[in-house]
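What follows is the content of protein.csv (CSV, C-alpha atoms).
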```
chain,number,residue,atom,x,y,z
A,1168,MET,CA,0.0,0.0,0.0
A,1169,PRO,CA,1.4,3.4,-0.9
A,1170,GLU,CA,2.4,5.8,1.9
A,1171,TYR,CA,1.4,9.4,2.0
A,1172,ARG,CA,2.8,12.1,4.2
A,1173,ALA,CA,0.4,14.8,5.4
A,1174,GLN,CA,0.9,18.1,7.0
A,1175,LEU,CA,-2.0,19.9,8.7
A,1176,GLY,CA,-1.5,23.5,9.6
A,1177,VAL,CA,-4.1,24.2,12.3
A,1178,ARG,CA,-4.9,27.8,13.1
A,1179,LEU,CA,-7.5,29.7,15.1
A,1180,ARG,CA,-10.4,30.9,12.9
A,1181,SER,CA,-10.3,34.6,12.1
A,1182,GLY,CA,-12.1,36.6,14.8
A,1183,VAL,CA,-11.3,34.1,17.5
A,1184,LEU,CA,-9.2,35.7,20.2
A,1185,ASP,CA,-5.6,34.3,20.3
A,1186,PRO,CA,-4.1,34.9,23.7
A,1187,ALA,CA,-0.9,33.1,22.8
A,1188,GLY,CA,-0.5,35.1,19.6
A,1189,GLN,CA,-1.0,38.3,21.6
A,1190,ALA,CA,1.6,37.3,24.2
A,1191,VAL,CA,4.1,36.5,21.5
A,1192,GLY,CA,3.3,39.7,19.7
A,1193,HIS,CA,4.0,41.7,22.9
A,1194,ALA,CA,7.3,39.9,23.5
A,1195,LEU,CA,8.4,40.6,19.9
A,1196,ARG,CA,7.5,44.3,20.2
A,1197,ASP,CA,9.4,44.4,23.6
A,1198,LEU,CA,12.4,43.1,21.6
A,1199,GLY,CA,12.1,46.1,19.3
A,1200,PHE,CA,10.4,44.3,16.3
A,1201,SER,CA,7.4,45.8,14.6
A,1202,ALA,CA,5.5,42.5,14.4
A,1203,ARG,CA,1.7,42.7,14.6
A,1204,ASP,CA,-1.2,40.4,14.0
A,1205,VAL,CA,0.8,37.5,15.5
A,1206,ALA,CA,-1.0,34.2,15.4
A,1207,VAL,CA,0.1,31.0,17.0
A,1208,GLY,CA,-1.1,27.7,15.5
A,1209,LYS,CA,0.2,24.2,15.3
A,1210,LEU,CA,1.6,21.8,12.7
A,1211,ILE,CA,0.6,18.2,12.7
A,1212,GLU,CA,2.5,15.8,10.5
A,1213,LEU,CA,1.6,12.1,9.9
A,1214,THR,CA,2.0,9.2,7.5
A,1215,VAL,CA,-0.9,7.2,6.2
A,1216,ASP,CA,-1.2,4.1,4.1
A,1217,ALA,CA,-3.9,4.4,1.4
A,1218,ALA,CA,-4.6,3.0,-2.1
A,1219,SER,CA,-4.6,6.5,-3.7
A,1220,LEU,CA,-3.9,10.1,-2.9
A,1221,GLU,CA,-7.6,10.9,-2.9
A,1222,LEU,CA,-8.3,8.1,-0.3
A,1223,ALA,CA,-5.3,9.3,1.8
A,1224,GLU,CA,-6.6,12.8,1.8
A,1225,ALA,CA,-10.2,11.7,2.7
A,1226,GLU,CA,-8.7,9.7,5.6
A,1227,VAL,CA,-6.7,12.7,6.9
A,1228,ARG,CA,-9.8,14.9,6.6
A,1229,ARG,CA,-11.7,12.4,8.7
A,1230,MET,CA,-8.9,12.5,11.3
A,1231,ALA,CA,-9.2,16.3,11.3
A,1232,ALA,CA,-13.0,16.1,11.8
A,1233,GLU,CA,-12.9,13.5,14.5
A,1234,LEU,CA,-9.9,14.6,16.6
A,1235,LEU,CA,-7.2,16.9,15.2
A,1236,VAL,CA,-9.2,20.1,14.7
A,1237,ASN,CA,-11.9,21.7,16.8
A,1238,PRO,CA,-14.2,23.2,14.2
A,1239,VAL,CA,-15.7,25.6,16.8
A,1240,LEU,CA,-12.4,27.5,17.0
A,1241,GLU,CA,-10.0,26.2,14.4
A,1242,ASP,CA,-9.4,26.0,10.6
A,1243,PHE,CA,-6.7,24.0,8.9
A,1244,ASP,CA,-4.9,23.6,5.6
A,1245,LEU,CA,-3.8,20.2,4.4
A,1246,GLU,CA,-0.8,19.4,2.3
A,1247,ILE,CA,-0.4,15.7,1.3
A,1248,ALA,CA,2.0,14.0,-1.0
A,1249,PRO,CA,3.3,10.5,-1.8
A,1250,ARG,CA,6.1,9.6,0.5
B,1385,MET,CA,-24.9,3.4,45.6
B,1386,ARG,CA,-21.6,3.9,43.9
B,1387,ALA,CA,-19.7,7.0,42.8
B,1388,ASP,CA,-16.8,6.6,40.4
B,1389,ILE,CA,-14.0,9.0,39.7
B,1390,LEU,CA,-12.5,8.4,36.2
B,1391,VAL,CA,-8.8,8.8,36.4
B,1392,PHE,CA,-6.7,9.6,33.3
B,1393,PRO,CA,-2.9,9.9,33.0
B,1394,GLY,CA,-2.5,13.5,34.1
B,1395,SER,CA,-5.6,13.7,36.3
B,1396,ASN,CA,-4.5,15.4,39.6
B,1397,CYS,CA,-7.6,16.2,41.5
B,1398,ASP,CA,-8.9,12.6,41.7
B,1399,VAL,CA,-7.8,12.0,45.3
B,1400,ASP,CA,-9.2,15.3,46.6
B,1401,THR,CA,-12.4,14.5,44.8
B,1402,GLU,CA,-12.5,11.0,46.4
B,1403,ILE,CA,-12.1,12.5,49.9
B,1404,ALA,CA,-14.7,15.1,49.2
B,1405,LEU,CA,-17.2,12.6,47.9
B,1406,ARG,CA,-16.7,10.3,50.9
B,1407,GLU,CA,-17.6,13.3,53.0
B,1408,ALA,CA,-20.5,14.3,50.8
B,1409,LEU,CA,-22.0,10.8,50.2
B,1410,PRO,CA,-22.0,8.9,53.4
B,1411,GLY,CA,-22.9,5.2,52.8
B,1412,TRP,CA,-21.8,5.3,49.2
B,1413,GLN,CA,-19.1,3.3,47.7
B,1414,VAL,CA,-16.6,5.7,46.2
B,1415,THR,CA,-13.9,4.5,43.9
B,1416,ARG,CA,-11.3,5.9,41.6
B,1417,GLN,CA,-11.2,4.0,38.3
B,1418,TRP,CA,-8.3,4.1,35.9
B,1419,HIS,CA,-9.6,5.0,32.5
B,1420,ASP,CA,-8.2,2.0,30.8
B,1421,GLY,CA,-10.7,-0.8,31.5
B,1422,ALA,CA,-13.0,1.4,33.6
B,1423,ASP,CA,-16.3,-0.2,34.2
B,1424,LEU,CA,-19.1,2.2,35.1
B,1425,SER,CA,-21.9,-0.3,34.7
B,1426,GLY,CA,-22.5,-0.4,38.5
B,1427,SER,CA,-22.2,3.3,39.0
B,1428,GLN,CA,-24.8,5.9,39.7
B,1429,PHE,CA,-22.5,8.9,39.6
B,1430,CYS,CA,-19.3,9.6,37.7
B,1431,VAL,CA,-17.0,12.5,38.2
B,1432,LEU,CA,-14.4,13.5,35.7
B,1433,PRO,CA,-11.8,15.2,37.9
B,1434,GLY,CA,-9.5,18.2,37.3
B,1435,GLY,CA,-6.0,17.9,36.0
B,1436,PHE,CA,-4.4,17.6,32.6
B,1437,ALA,CA,-5.7,14.4,31.1
B,1438,HIS,CA,-3.3,12.9,28.6
B,1439,GLY,CA,-1.2,16.0,29.1
B,1440,ASP,CA,-3.9,18.1,27.5
B,1441,TYR,CA,-2.0,17.5,24.3
B,1442,LEU,CA,-3.6,18.8,21.1
B,1443,ARG,CA,-6.3,20.7,23.0
B,1444,ALA,CA,-7.4,20.5,26.7
B,1445,GLY,CA,-9.4,17.4,27.2
B,1446,ALA,CA,-9.3,16.4,23.5
B,1447,LEU,CA,-7.6,13.0,23.8
B,1448,ALA,CA,-9.5,11.9,26.9
B,1449,ALA,CA,-12.7,12.8,25.2
B,1450,ARG,CA,-12.0,10.2,22.5
B,1451,SER,CA,-11.0,7.4,24.9
B,1452,PRO,CA,-13.0,4.3,25.3
B,1453,ALA,CA,-13.8,5.2,28.9
B,1454,ILE,CA,-16.0,8.0,27.6
B,1455,GLU,CA,-18.3,5.4,26.1
B,1456,GLY,CA,-19.0,4.2,29.6
B,1457,VAL,CA,-19.8,7.8,30.6
B,1458,ARG,CA,-22.2,8.1,27.7
B,1459,ALA,CA,-23.9,4.9,28.7
B,1460,LEU,CA,-24.2,6.1,32.3
B,1461,ILE,CA,-25.9,9.3,31.0
B,1462,ALA,CA,-28.2,7.3,28.8
B,1463,ARG,CA,-29.5,5.4,31.8
B,1464,GLY,CA,-30.1,8.5,33.9
B,1465,GLY,CA,-26.9,8.6,35.9
B,1466,LEU,CA,-25.2,11.7,37.2
B,1467,VAL,CA,-22.1,13.0,35.6
B,1468,LEU,CA,-20.0,15.9,37.0
B,1469,GLY,CA,-17.0,17.3,35.0
B,1470,ILE,CA,-14.8,19.5,37.1
B,1471,CYS,CA,-12.3,21.9,35.4
B,1472,ASN,CA,-10.4,19.5,33.1
B,1473,GLY,CA,-13.3,17.2,33.4
B,1474,PHE,CA,-15.6,19.9,32.0
B,1475,GLN,CA,-13.1,20.4,29.2
B,1476,VAL,CA,-13.3,16.6,28.5
B,1477,LEU,CA,-17.2,16.7,28.4
B,1478,VAL,CA,-17.1,19.7,26.0
B,1479,GLU,CA,-14.5,18.0,23.7
B,1480,ALA,CA,-16.7,14.8,23.8
B,1481,GLY,CA,-19.7,16.9,22.6
B,1482,ILE,CA,-21.6,16.0,25.7
B,1483,LEU,CA,-21.7,19.7,26.6
B,1484,PRO,CA,-21.6,22.5,24.1
B,1485,GLY,CA,-19.0,25.1,23.4
B,1486,ALA,CA,-15.2,25.1,23.4
B,1487,PHE,CA,-12.3,26.2,25.6
B,1488,GLN,CA,-9.5,28.7,24.9
B,1489,ALA,CA,-6.7,30.1,27.0
B,1490,ASN,CA,-7.7,32.7,29.6
B,1491,THR,CA,-7.7,36.2,28.2
B,1492,VAL,CA,-5.3,37.2,30.9
B,1493,GLN,CA,-2.7,34.9,29.4
B,1494,HIS,CA,-1.7,33.2,32.5
B,1495,PHE,CA,-2.8,30.4,34.9
B,1496,ILE,CA,-5.3,31.7,37.5
B,1497,CYS,CA,-5.6,30.0,41.0
B,1498,ARG,CA,-7.9,31.9,43.4
B,1499,ASP,CA,-11.4,32.0,44.9
B,1500,VAL,CA,-14.2,33.4,42.8
B,1501,ALA,CA,-17.8,34.2,43.5
B,1502,LEU,CA,-20.4,32.3,41.5
B,1503,ARG,CA,-24.0,33.0,41.1
B,1504,VAL,CA,-26.4,30.1,40.8
B,1505,GLU,CA,-28.4,30.8,37.7
B,1506,ARG,CA,-30.8,27.9,37.8
B,1507,ALA,CA,-31.6,25.3,40.4
B,1508,ALA,CA,-33.3,22.7,38.2
B,1509,SER,CA,-30.5,20.1,38.5
B,1510,PRO,CA,-29.7,17.4,41.1
B,1511,PHE,CA,-26.4,19.2,41.6
B,1512,LEU,CA,-28.1,22.5,42.4
B,1513,ASP,CA,-30.9,21.2,44.7
B,1514,ALA,CA,-29.4,22.8,47.7
B,1515,PHE,CA,-29.5,26.2,46.1
B,1516,ALA,CA,-31.9,28.8,44.8
B,1517,ALA,CA,-31.4,30.8,41.7
B,1518,GLY,CA,-29.4,33.9,42.6
B,1519,ASP,CA,-27.5,32.3,45.5
B,1520,VAL,CA,-23.8,33.3,45.6
B,1521,LEU,CA,-21.2,30.6,46.2
B,1522,THR,CA,-17.4,30.9,46.8
B,1523,LEU,CA,-15.3,28.3,45.1
B,1524,PRO,CA,-11.7,28.2,43.9
B,1525,ILE,CA,-10.7,28.1,40.2
B,1526,ALA,CA,-7.3,26.9,39.0
B,1527,HIS,CA,-6.9,26.9,35.2
B,1528,GLN,CA,-5.0,28.1,32.2
B,1529,GLU,CA,-7.7,27.4,29.6
B,1530,GLY,CA,-10.9,28.3,31.3
B,1531,ASN,CA,-12.2,30.8,28.7
B,1532,TYR,CA,-15.4,29.1,27.8
B,1533,ARG,CA,-16.6,30.0,24.3
B,1534,LEU,CA,-20.2,29.8,23.2
B,1535,THR,CA,-21.8,31.3,20.1
B,1536,GLU,CA,-24.5,33.8,20.8
B,1537,ASP,CA,-27.1,31.2,19.5
B,1538,GLU,CA,-25.7,28.5,21.8
B,1539,TYR,CA,-25.8,30.9,24.8
B,1540,ARG,CA,-29.4,31.9,24.0
B,1541,ARG,CA,-30.4,28.3,23.7
B,1542,LEU,CA,-28.7,27.3,27.0
B,1543,LYS,CA,-30.3,30.2,28.8
B,1544,ASP,CA,-33.8,29.6,27.4
B,1545,GLU,CA,-33.5,25.9,28.4
B,1546,GLY,CA,-32.3,26.8,31.9
B,1547,ARG,CA,-29.0,25.1,31.4
B,1548,ILE,CA,-26.6,27.8,32.6
B,1549,ALA,CA,-25.6,26.6,36.1
B,1550,PHE,CA,-23.2,29.2,37.3
B,1551,THR,CA,-21.8,32.6,36.2
B,1552,TYR,CA,-18.8,34.4,37.6
B,1553,CYS,CA,-20.0,37.3,39.7
B,1554,GLY,CA,-19.1,39.9,42.3
B,1555,PRO,CA,-19.4,39.2,46.1
B,1556,HIS,CA,-23.1,40.1,46.1
B,1557,GLY,CA,-24.1,38.3,42.8
B,1558,GLU,CA,-23.5,41.4,40.6
B,1559,THR,CA,-22.3,40.7,37.1
B,1560,ALA,CA,-21.7,44.3,36.1
B,1561,GLY,CA,-18.1,45.1,36.5
B,1562,ASP,CA,-15.0,43.1,36.0
B,1563,TYR,CA,-15.8,39.8,37.7
B,1564,ASN,CA,-15.1,37.6,34.7
B,1565,PRO,CA,-11.7,36.0,35.5
B,1566,ASN,CA,-10.9,34.3,32.2
B,1567,GLY,CA,-12.9,35.9,29.4
B,1568,SER,CA,-15.7,33.3,29.3
B,1569,TYR,CA,-18.7,34.1,27.1
B,1570,ALA,CA,-21.3,35.9,29.2
B,1571,SER,CA,-19.2,35.0,32.3
B,1572,VAL,CA,-20.5,31.4,32.1
B,1573,ALA,CA,-18.7,29.2,34.7
B,1574,GLY,CA,-20.8,26.0,34.4
B,1575,VAL,CA,-23.5,24.5,32.2
B,1576,LEU,CA,-25.9,21.5,32.3
B,1577,ALA,CA,-26.8,19.0,29.7
B,1578,GLU,CA,-30.5,18.6,28.9
B,1579,GLY,CA,-32.3,17.2,31.9
B,1580,GLY,CA,-29.8,18.7,34.3
B,1581,ARG,CA,-28.1,15.4,35.2
B,1582,VAL,CA,-24.7,16.3,33.6
B,1583,LEU,CA,-22.9,19.3,35.0
B,1584,GLY,CA,-19.6,20.8,33.7
B,1585,MET,CA,-18.0,23.5,35.8
B,1586,MET,CA,-14.6,25.2,35.9
B,1587,PRO,CA,-14.5,25.9,39.6
B,1588,HIS,CA,-13.5,23.1,42.0
B,1589,PRO,CA,-16.2,22.0,44.5
B,1590,GLU,CA,-13.8,19.4,45.9
B,1591,ARG,CA,-11.5,22.1,47.1
B,1592,ALA,CA,-14.3,23.8,49.0
B,1593,ALA,CA,-15.5,20.9,51.0
B,1594,TRP,CA,-14.0,21.4,54.5
B,1595,PRO,CA,-15.1,23.6,57.4
B,1596,ALA,CA,-11.5,23.6,58.5
B,1597,ILE,CA,-10.4,25.6,55.4
B,1598,GLY,CA,-13.5,27.8,55.7
B,1599,ARG,CA,-15.1,26.7,52.5
B,1600,THR,CA,-18.0,24.2,52.3
B,1601,ASP,CA,-20.0,25.4,49.3
B,1602,GLY,CA,-18.5,22.6,47.1
B,1603,LEU,CA,-19.7,20.0,49.5
B,1604,ARG,CA,-23.2,21.2,49.1
B,1605,ILE,CA,-23.0,20.7,45.3
B,1606,LEU,CA,-21.6,17.1,45.7
B,1607,ALA,CA,-24.1,16.2,48.4
B,1608,ALA,CA,-27.1,17.6,46.6
B,1609,GLY,CA,-26.5,15.2,43.7
B,1610,LEU,CA,-26.7,12.3,46.2
B,1611,ALA,CA,-30.0,13.4,47.6
B,1612,THR,CA,-31.8,13.5,44.3
B,1613,ALA,CA,-30.2,10.4,43.0
B,1614,MET,CA,-31.4,8.5,46.0
B,1615,GLN,CA,-34.9,9.9,45.6
B,1616,GLY,CA,-35.0,9.6,41.8
B,1617,GLY,CA,-35.5,5.8,41.8
B,1618,THR,CA,-34.3,5.7,38.2
B,1619,LEU,CA,-30.9,4.6,39.3
```

As structure tokens, the full file:
Amino acid sequence: MPEYRAQLGVRLRSGVLDPAGQAVGHALRDLGFSARDVAVGKLIELTVDAASLELAEAEVRRMAAELLVNPVLEDFDLEIAPR
Amino acid sequence: MRADILVFPGSNCDVDTEIALREALPGWQVTRQWHDGADLSGSQFCVLPGGFAHGDYLRAGALAARSPAIEGVRALIARGGLVLGICNGFQVLVEAGILPGAFQANTVQHFICRDVALRVERAASPFLDAFAAGDVLTLPIAHQEGNYRLTEDEYRRLKDEGRIAFTYCGPHGETAGDYNPNGSYASVAGVLAEGGRVLGMMPHPERAAWPAIGRTDGLRILAAGLATAMQGGTL
């Protein structure tokens, strides 16, 4: 079975308060940088076995829906490619 | 009658909860059950305690909410049992979809550990039998991610259905002013599932169960659940 490597970039939806992003933004400005609109998200990488790229992507999207992403607060982008 | 405390790797309020339940529920069997292999089939009351279940990796409560032990919790709810999620246990119930909403980091961007005043919003729950709407309790909070998020629609629905249990308030029950410690939507500190037999709350009743420390409001919440469960006959 072919292997696929997926990367999910999980971020807070726009409009959702991001206390971590705010804290990091404050720290960057304290260091003299002009950073603003700082957002902190997470990157999840995983390998799946699937018969095709489409099936692999469908599987990873199910993982996102069932566990990896909280749709109330978060969005994600998915990159997936044969390994 | 049996009360079970479900213990996950990272739970850290389970022993306090056990001691408080023994005080609140004389004559009950009180056990702590490790999540893996937990059997709630003989239980009338399950508490999901505070802590950092599974390290709170991914999101607070997310991994515990998907563990097989939660199926036992769902079954207990289905047969009319009582379920109380305290702090991290509340986060688990929300991640499991048993209670609505989501949790974010406190708006103040740090861990908060202190007493807060809480107003009882609704007494139609076994857990709130000892109280009248408008009563003010004092319980401690201890959390980093206690910022409870609801959409306006979800909040309206909960309010209309009498499912807001507690809101953060001032010493005399006032909500005007800066009494919201963590940024929670509409200062909500605890909510009920339909029917009032499942309660999720961020404050810790088990840490306010001792006259010796000057706090007993938590004991009243835990003991009230007992009284109704005994009378209910459904258990």

Using only C-alpha atoms, determine which residues lie at most 6 Å from stretch 1398-1409 of chain B, disregarding the query and same-chain residues fewer than 5 positions distant; provide the list as an MDAnalysis selection string. chainID B and resid 1433 1590 1603 1606:1607

Please report as a list in words which residues of chain A come no farther than 12 Å from chain B, using only C-alpha atoms. Val1177, Leu1179, Val1183, Leu1184, Asp1185, Pro1186, Ala1187, Gly1188, Gln1189, Ala1190, Val1191, His1193, Gly1208, Lys1209, Leu1210, Ile1211, Met1230, Ala1231, Glu1233, Leu1234, Leu1235, Val1236, Asn1237, Pro1238, Val1239, Leu1240 and Glu1241 of chain A

Please indicate the distance in Å from atom CA of B:Val1467 to atom CA of B:Gly1481, rounded to one decimal place. 13.8 Å

Rank B:Leu1483, B:Ile1548, B:Ala1608, B:Cys1430 by their smallest atom-to-atom distance to B:Tyr1569, using only C-alpha atoms, and report the top residue only.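 Of B:Leu1483, B:Ile1548, B:Ala1608, B:Cys1430, the one nearest B:Tyr1569 is B:Ile1548, counting only C-alpha atoms.
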
For the point (-0.6, 3.9, -5.4) in the file's frame, write as a PyMOL selection string all residues with an atom no more than 8 Å away, counting only C-alpha atoms. chain A and resi 1168-1169+1217-1220

Would you pick out the contacts of B:Leu1512 at 9 Å or less, using only C-alpha atoms, so that residues sharing its chain but fewer than 4 positions from it are not included, and give the list as a tab-separated table (two decimals) with C-alpha atoms, keeping the file's coordinate frame?
```tsv
chain	number	residue	atom	x	y	z
B	1504	VAL	CA	-26.40	30.10	40.80
B	1506	ARG	CA	-30.80	27.90	37.80
B	1507	ALA	CA	-31.60	25.30	40.40
B	1508	ALA	CA	-33.30	22.70	38.20
B	1516	ALA	CA	-31.90	28.80	44.80
B	1517	ALA	CA	-31.40	30.80	41.70
B	1549	ALA	CA	-25.60	26.60	36.10
B	1604	ARG	CA	-23.20	21.20	49.10
B	1605	ILE	CA	-23.00	20.70	45.30
B	1608	ALA	CA	-27.10	17.60	46.60
B	1609	GLY	CA	-26.50	15.20	43.70
```

Do you have the atom CA of B:Gly1456-atom CA of B:Asp1388 distance handy?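 Separating atom CA of B:Gly1456 from atom CA of B:Asp1388 is a distance of 11.3 Å.
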
Min atom-atom distance to A:Gln1174 from the set A:Val1215, A:Leu1222, A:Arg1203, A:Leu1195, counting all atoms listed in the file, belongs to A:Val1215

Between A:Val1227, A:Arg1178, A:Gly1199, A:Asp1216, which is the closest to A:Glu1246 once you count all atoms listed in the file?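 Smallest separation from A:Glu1246 among the options: A:Val1227.
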
Close residues, B:Trp1412 itself excluded, 7 Å, only C-alpha atoms, min 3 positions apart in chain, as a PyMOL selection string: chain B and resi 1385-1387+1409

Interatomic distance (Å, one decimal) between atom CA of B:Pro1595 and atom CA of B:Leu1523: 13.2 Å

Residues within 10 Å of (-8.8, 19.7, 37.2), counting only C-alpha atoms, listed as a list in words: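 Protein, DNA and RNA residues close to (-8.8, 19.7, 37.2): Gly1394, Ser1395, Asn1396, Cys1397, Asp1398, Thr1401, Leu1432, Pro1433, Gly1434, Gly1435, Phe1436, Ala1437, Gly1469, Ile1470, Cys1471, Asn1472, Gly1473, Phe1474, Gln1475, Ile1525, Ala1526, His1527, Met1586, Pro1587 and His1588 of chain B.
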
Missing atoms of stretch 1235-1250 of chain A rebuilt to N, CA, C and O atoms, written as an mmCIF file, keeping the file's coordinate frame:
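Generated file (result_33.cif):
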```cif
data_model
loop_
_atom_site.group_PDB
_atom_site.id
_atom_site.type_symbol
_atom_site.label_atom_id
_atom_site.label_comp_id
_atom_site.auth_asym_id
_atom_site.auth_seq_id
_atom_site.Cartn_x
_atom_site.Cartn_y
_atom_site.Cartn_z
ATOM 1 N N LEU A 1235 -8.391 15.966 15.267
ATOM 2 C CA LEU A 1235 -7.200 16.900 15.200
ATOM 3 C C LEU A 1235 -7.613 18.352 15.246
ATOM 4 O O LEU A 1235 -6.817 19.171 15.698
ATOM 5 N N VAL A 1236 -8.787 18.694 14.757
ATOM 6 C CA VAL A 1236 -9.200 20.100 14.700
ATOM 7 C C VAL A 1236 -10.510 20.296 15.366
ATOM 8 O O VAL A 1236 -11.421 19.471 15.216
ATOM 9 N N ASN A 1237 -10.596 21.348 16.151
ATOM 10 C CA ASN A 1237 -11.900 21.700 16.800
ATOM 11 C C ASN A 1237 -12.569 22.738 15.905
ATOM 12 O O ASN A 1237 -12.169 23.897 15.907
ATOM 13 N N PRO A 1238 -13.602 22.332 15.169
ATOM 14 C CA PRO A 1238 -14.200 23.200 14.200
ATOM 15 C C PRO A 1238 -14.851 24.467 14.801
ATOM 16 O O PRO A 1238 -15.122 25.440 14.111
ATOM 17 N N VAL A 1239 -15.107 24.412 16.105
ATOM 18 C CA VAL A 1239 -15.700 25.600 16.800
ATOM 19 C C VAL A 1239 -14.724 26.762 16.719
ATOM 20 O O VAL A 1239 -15.114 27.912 16.574
ATOM 21 N N LEU A 1240 -13.442 26.438 16.858
ATOM 22 C CA LEU A 1240 -12.400 27.500 17.000
ATOM 23 C C LEU A 1240 -11.400 27.516 15.893
ATOM 24 O O LEU A 1240 -10.741 28.529 15.692
ATOM 25 N N GLU A 1241 -11.202 26.385 15.213
ATOM 26 C CA GLU A 1241 -10.000 26.200 14.400
ATOM 27 C C GLU A 1241 -10.352 25.943 12.913
ATOM 28 O O GLU A 1241 -11.392 25.352 12.598
ATOM 29 N N ASP A 1242 -9.433 26.361 12.049
ATOM 30 C CA ASP A 1242 -9.400 26.000 10.600
ATOM 31 C C ASP A 1242 -8.102 25.240 10.373
ATOM 32 O O ASP A 1242 -7.184 25.307 11.188
ATOM 33 N N PHE A 1243 -8.010 24.597 9.231
ATOM 34 C CA PHE A 1243 -6.700 24.000 8.900
ATOM 35 C C PHE A 1243 -6.503 23.986 7.411
ATOM 36 O O PHE A 1243 -7.451 24.068 6.637
ATOM 37 N N ASP A 1244 -5.199 23.931 7.005
ATOM 38 C CA ASP A 1244 -4.900 23.600 5.600
ATOM 39 C C ASP A 1244 -4.166 22.276 5.630
ATOM 40 O O ASP A 1244 -3.502 21.935 6.612
ATOM 41 N N LEU A 1245 -4.324 21.580 4.535
ATOM 42 C CA LEU A 1245 -3.800 20.200 4.400
ATOM 43 C C LEU A 1245 -2.860 20.188 3.203
ATOM 44 O O LEU A 1245 -3.258 20.583 2.105
ATOM 45 N N GLU A 1246 -1.637 19.702 3.425
ATOM 46 C CA GLU A 1246 -0.800 19.400 2.300
ATOM 47 C C GLU A 1246 -0.499 17.879 2.411
ATOM 48 O O GLU A 1246 -0.176 17.382 3.486
ATOM 49 N N ILE A 1247 -0.619 17.184 1.292
ATOM 50 C CA ILE A 1247 -0.400 15.700 1.300
ATOM 51 C C ILE A 1247 0.252 15.300 0.042
ATOM 52 O O ILE A 1247 -0.087 15.806 -1.032
ATOM 53 N N ALA A 1248 1.219 14.403 0.166
ATOM 54 C CA ALA A 1248 2.000 14.000 -1.000
ATOM 55 C C ALA A 1248 2.454 12.547 -0.807
ATOM 56 O O ALA A 1248 2.621 12.105 0.331
ATOM 57 N N PRO A 1249 2.702 11.819 -1.923
ATOM 58 C CA PRO A 1249 3.300 10.500 -1.800
ATOM 59 C C PRO A 1249 4.605 10.559 -1.041
ATOM 60 O O PRO A 1249 5.345 11.531 -1.219
ATOM 61 N N ARG A 1250 4.870 9.552 -0.254
ATOM 62 C CA ARG A 1250 6.100 9.600 0.500
ATOM 63 C C ARG A 1250 7.220 8.932 -0.247
ATOM 64 O O ARG A 1250 6.996 7.865 -0.792
#
```
